[in-house]
Amino acid sequence: MMPVMVQGREKALFARYLQTHGLKNSQQRELILDTFLAMPPHLSAEELHRRVSATDPGIGLSTVYRTLRLFCDAGLAKQRHFLEGRACFEQAFGTRHHDHLICEGCGEILEFECPEIEELQVQMAEKRGYTLTRHRLELFGLCPACQAREAAGP
């Protein structure tokens, strides 16, 4: 679970975003934000909805989707598409740049940081006259558990 201080900063950022855009905050949006901040990274809207509706069954999946879009617009979340048809969200505010390893067998997503890869990317861009503004690296393969299942066979 995220420290309360960080949640406070994120809640303040969201409140400012809503106010700036003439939108009102609500108990439902607060609950969705609290639940989102407490969950592990790379969750689907459906997973978030399951958790939120356990507390407030009146919150529909469409409300969760709309609120996640607001989180993305406010800089609190990023939407990712790692595997076909699977959109997930991760926290964006106050996080460091990282890359991802994605298992094509079970869907596990691991975050990693590698300064050597970051440096190589900058060198490749500079060598070709580019100035990097952003990037993302996603590596797809099979995790150790899926490799072991494949090796064991049917």
# chains A, B, ... in the order shown; residues from 1 in each chain; ligands from 1
$ residues_around --residues "Phe36 in chain A" --least-positions-apart "6" --cutoff "9 Å" --atoms "only C-alpha atoms" --output "list in words"
Leu43, Leu48, Val52, Leu68, Glu90 and Gln91 of chain A
$ select_by_dssp --residues "range 19-108 of chain A" --states "helix (DSSP H, G or I)" --output "PyMOL selection string"
chain A and resi 19-20+27-38+45-55+61-74
$ atom_distance --atom1 "CA of Ile32 in chain A" --atom2 "CA of Ala12 in chain A"
14.7 Å
$ closest_residue --among "A:Thr20, A:Glu113, A:Ala45, A:Cys143" --to "Arg96 in chain A" --atoms "only C-alpha atoms"
A:Glu113
$ residues_around --residues "range 104-109 of chain A" --least-positions-apart "5" --cutoff "12 Å" --atoms "only C-alpha atoms" --output "compact mmCIF listing (two decimals) with N, CA and C atoms, in the first residue's frame"
# COMPACT_ATOMS: atom_id res chain seq x y z
N PRO A 40 -1.98 -3.20 -6.71
CA PRO A 40 -0.70 -3.39 -7.41
C PRO A 40 -0.76 -2.77 -8.80
N PRO A 41 0.40 -2.54 -9.40
CA PRO A 41 0.43 -1.94 -10.74
C PRO A 41 -0.15 -2.89 -11.78
N HIS A 42 -0.47 -2.34 -12.93
CA HIS A 42 -0.92 -3.08 -14.09
C HIS A 42 -2.23 -3.79 -13.85
N LEU A 43 -3.23 -3.05 -13.40
CA LEU A 43 -4.53 -3.63 -13.17
C LEU A 43 -5.50 -3.21 -14.25
N ARG A 80 -1.89 1.16 -20.50
CA ARG A 80 -0.95 0.34 -21.27
C ARG A 80 -1.69 -0.78 -21.96
N HIS A 81 -1.18 -1.20 -23.08
CA HIS A 81 -1.71 -2.36 -23.81
C HIS A 81 -0.55 -3.31 -24.03
N PHE A 82 -0.38 -4.26 -23.13
CA PHE A 82 0.75 -5.18 -23.21
C PHE A 82 0.45 -6.39 -24.08
N LEU A 83 -0.70 -6.99 -23.89
CA LEU A 83 -1.08 -8.17 -24.66
C LEU A 83 -2.37 -7.84 -25.40
N GLU A 84 -2.59 -8.49 -26.53
CA GLU A 84 -3.76 -8.17 -27.36
C GLU A 84 -5.04 -8.17 -26.55
N GLY A 85 -5.79 -7.09 -26.68
CA GLY A 85 -7.08 -7.00 -26.02
C GLY A 85 -7.03 -6.77 -24.52
N ARG A 86 -5.88 -6.55 -23.96
CA ARG A 86 -5.77 -6.39 -22.52
C ARG A 86 -5.22 -5.01 -22.19
N ALA A 87 -6.11 -4.11 -21.84
CA ALA A 87 -5.68 -2.78 -21.39
C ALA A 87 -5.52 -2.83 -19.88
N CYS A 88 -4.47 -2.22 -19.40
CA CYS A 88 -4.30 -2.13 -17.95
C CYS A 88 -3.76 -0.75 -17.63
N PHE A 89 -3.80 -0.44 -16.35
CA PHE A 89 -3.43 0.89 -15.89
C PHE A 89 -2.37 0.77 -14.82
N GLU A 90 -1.45 1.73 -14.82
CA GLU A 90 -0.45 1.80 -13.77
C GLU A 90 -0.35 3.23 -13.27
N HIS A 98 10.50 3.19 -15.98
CA HIS A 98 10.83 1.78 -15.92
C HIS A 98 10.36 1.11 -17.20
N ASP A 99 10.88 -0.07 -17.44
CA ASP A 99 10.50 -0.85 -18.61
C ASP A 99 9.79 -2.11 -18.12
N GLU A 138 9.26 -2.72 -23.99
CA GLU A 138 8.46 -3.85 -23.55
C GLU A 138 9.06 -5.10 -24.16
N LEU A 139 9.47 -6.02 -23.32
CA LEU A 139 10.07 -7.27 -23.76
C LEU A 139 9.08 -8.40 -23.50
N PHE A 140 8.78 -9.19 -24.54
CA PHE A 140 7.81 -10.27 -24.44
C PHE A 140 8.52 -11.61 -24.47
N GLY A 141 8.03 -12.53 -23.69
CA GLY A 141 8.62 -13.86 -23.65
C GLY A 141 7.84 -14.75 -22.69
N LEU A 142 8.51 -15.75 -22.15
CA LEU A 142 7.89 -16.66 -21.19
C LEU A 142 8.62 -16.58 -19.86
N CYS A 143 7.86 -16.44 -18.78
CA CYS A 143 8.44 -16.40 -17.44
C CYS A 143 8.96 -17.80 -17.08
N PRO A 144 9.77 -17.92 -16.04
CA PRO A 144 10.30 -19.24 -15.65
C PRO A 144 9.21 -20.28 -15.40
N ALA A 145 8.10 -19.89 -14.77
CA ALA A 145 7.04 -20.87 -14.49
C ALA A 145 6.42 -21.40 -15.78
N CYS A 146 6.17 -20.51 -16.73
CA CYS A 146 5.60 -20.95 -18.02
C CYS A 146 6.59 -21.78 -18.82
N GLN A 147 7.87 -21.44 -18.75
CA GLN A 147 8.88 -22.26 -19.41
C GLN A 147 8.89 -23.68 -18.84
N ALA A 148 8.79 -23.77 -17.51
CA ALA A 148 8.79 -25.09 -16.86
C ALA A 148 7.55 -25.88 -17.26
N ARG A 149 6.38 -25.22 -17.35
CA ARG A 149 5.17 -25.91 -17.78
C ARG A 149 5.29 -26.42 -19.20
N GLU A 150 5.88 -25.60 -20.07
CA GLU A 150 6.07 -26.03 -21.46
C GLU A 150 7.03 -27.19 -21.55
$ select_by_dssp --residues "range 85-146 of chain A" --states "strand (DSSP E or B)" --output "PyMOL selection string"
chain A and resi 86-91+99-103+109-112+138-141
$ atom_distance --atom1 "CA of Glu116 in chain A" --atom2 "CA of Ala77 in chain A"
26.5 Å
$ residues_around --residues "range 25-29 of chain A" --least-positions-apart "3" --cutoff "8 Å" --atoms "only C-alpha atoms" --output "compact mmCIF listing (two decimals) with C-alpha atoms, in the first residue's frame"
# COMPACT_ATOMS: atom_id res chain seq x y z
CA ALA A 15 -8.80 17.68 -6.88
CA LEU A 18 -11.16 18.42 -11.44
CA ILE A 32 -12.01 4.65 -6.99
CA LEU A 33 -8.87 6.75 -6.44
CA ILE A 59 -20.46 1.90 -8.86
CA THR A 67 -12.70 7.82 -13.76
$ atom_distance --atom1 "CA of Leu61 in chain A" --atom2 "CA of Leu31 in chain A"
13.5 Å
$ residues_around --residues "Arg51 in chain A" --least-positions-apart "4" --cutoff "8 Å" --atoms "only C-alpha atoms" --output "ChimeraX atom specification"
/A:35,47,55
$ write_last_selection --atoms "N, CA and C atoms" --output "compact mmCIF listing (two decimals), in the first residue's frame"
# COMPACT_ATOMS: atom_id res chain seq x y z
N THR A 35 -8.84 3.16 -3.98
CA THR A 35 -8.66 1.75 -4.34
C THR A 35 -7.56 1.60 -5.38
N GLU A 47 -10.64 -5.39 -12.90
CA GLU A 47 -10.10 -5.73 -11.58
C GLU A 47 -10.39 -4.61 -10.58
N THR A 55 -17.01 -2.52 -2.00
CA THR A 55 -17.31 -1.48 -1.02
C THR A 55 -18.59 -0.74 -1.37
$ closest_residue --among "A:Ile117, A:Ile102, A:Val64, A:Leu110" --to "Glu46 in chain A" --atoms "only C-alpha atoms"
A:Val64
